[in-house]
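These notes concern the structure reproduced below.
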Amino acid sequence: MKSDFELESAMFTLKAQRVLSVEEAAKVFEVEPEEITSLVEQYKDRFPQGYAYKVKREEKEDMVFTEKGMYMLSALVKSPKAKEKCIDMVESYKVLMDFADEMFNALEHARNGEFKEEELK
């Protein structure tokens with residue numbers, strides 16, 4: 001299994017987005033690359049523009065996935081590691097959304113003058 005550091009080093013930038021190849025995605029989810037390719041073919045409608053791209057690398061065409069594409073893959077791949085990664089992503093998303101809600105509410109209170117000056121220090 002790749003550590004987070006190894007995963008970061010396996011990603012590269014394409015169209016100003018971090019992407020991961022089919023081979024590297026397969027390593028993340030502990031499946032064969034052919035399973036990833038098959039799922040993408042079977043569920044083409046789940047990979048709109050911005051989720052996956054075909055690129056020509058080293059004289060062959062390859063599929064790469066953006067972070068959004070990796071989220072989608074994690075929901076489709078049927079391996080224990082993919083299930084674990086999917087749950088991690090959902091949990092992270094929930095924490096982020098809760099934080100965003102708190103910041104939005106604090107901003108609204110500040111705009112409405114609902115904070116006393118000493119609370120802002």
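By order of appearance in the structure tokens: chains A, B, ..., then residues from 1 within every chain, and ligands from 1 in the order shown.
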Fewer than 3 positions away in the same chain doesn't count, so skip those; otherwise give me all residues within 9 Å of Ala82 in chain A, counting only C-alpha atoms, as an mmCIF file with C-alpha atoms, in the first residue's frame.
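Final output, saved to part_6.cif:
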data_model
loop_
_atom_site.group_PDB
_atom_site.id
_atom_site.type_symbol
_atom_site.label_atom_id
_atom_site.label_comp_id
_atom_site.auth_asym_id
_atom_site.auth_seq_id
_atom_site.Cartn_x
_atom_site.Cartn_y
_atom_site.Cartn_z
ATOM 1 C CA VAL A 28 -4.337 2.916 -4.221
ATOM 2 C CA PHE A 29 -7.425 0.685 -4.274
ATOM 3 C CA GLU A 30 -5.441 -2.591 -4.322
ATOM 4 C CA VAL A 31 -6.987 -3.926 -7.532
ATOM 5 C CA LEU A 73 -13.805 5.443 -8.465
ATOM 6 C CA SER A 74 -13.750 4.848 -4.716
ATOM 7 C CA ALA A 75 -17.528 4.404 -4.813
ATOM 8 C CA LEU A 76 -17.365 1.954 -7.740
ATOM 9 C CA VAL A 77 -14.376 -0.260 -6.968
ATOM 10 C CA LYS A 78 -15.293 -3.275 -4.856
ATOM 11 C CA SER A 79 -12.215 -3.780 -2.715
ATOM 12 C CA LYS A 85 -10.885 5.325 1.057
ATOM 13 C CA CYS A 86 -14.510 6.148 0.174
ATOM 14 C CA ILE A 87 -15.462 6.329 3.854
#
Members of chain A assigned strand (DSSP E) by DSSP, as a ChimeraX atom specification: /A:12-14,17-21,52-57,60-66
Residue contacts of Met72 in chain A (9 Å, only C-alpha atoms) excluding same-chain residues fewer than 6 positions away, as JSON, numbers by chain: {"A": [46, 47, 51, 86]}
Convert the current residue selection to file output with N, CA and C atoms, as a short mmCIF file (atom, residue, chain, number, x, y, z; two decimals), in the first residue's frame.
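What landed in selection_13.cif:
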data_model
loop_
_atom_site.label_atom_id
_atom_site.label_comp_id
_atom_site.auth_asym_id
_atom_site.auth_seq_id
_atom_site.Cartn_x
_atom_site.Cartn_y
_atom_site.Cartn_z
N ARG A 46 -20.49 8.36 -15.34
CA ARG A 46 -20.06 8.83 -14.02
C ARG A 46 -18.71 9.54 -14.06
N PHE A 47 -18.15 9.66 -15.26
CA PHE A 47 -16.86 10.30 -15.42
C PHE A 47 -16.94 11.40 -16.48
N TYR A 51 -13.42 14.79 -14.56
CA TYR A 51 -13.25 13.64 -13.68
C TYR A 51 -12.12 12.73 -14.17
N CYS A 86 -13.23 5.47 0.40
CA CYS A 86 -14.51 6.15 0.17
C CYS A 86 -15.04 6.70 1.50
#
Which of chain A DSSP labels helix (DSSP H, G or I), written as a PyMOL selection string: chain A and resi 4-10+22-29+33-42+44-46+67-76+80-111+117-120
Coordinates-based distance that separates CA of Glu67 in chain A from CA of Leu20 in chain A (Å, one decimal): 8.2 Å
Shortest interatomic distance to Val22 in chain A - which of A:Asn112, A:Glu61, A:Phe104, A:Lys94, counting only C-alpha atoms: A:Glu61
Contacts of Ser21 in chain A within 7 Å, only C-alpha atoms, excl. fewer than 3 positions in-chain, as a PyMOL selection string: chain A and resi 24-25+63-65
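When only C-alpha atoms are used to measure the gap to Glu35 in chain A, the shortest distance among A:Gly50, A:Lys83, A:Gly113, A:Glu23 belongs to A:Glu23.
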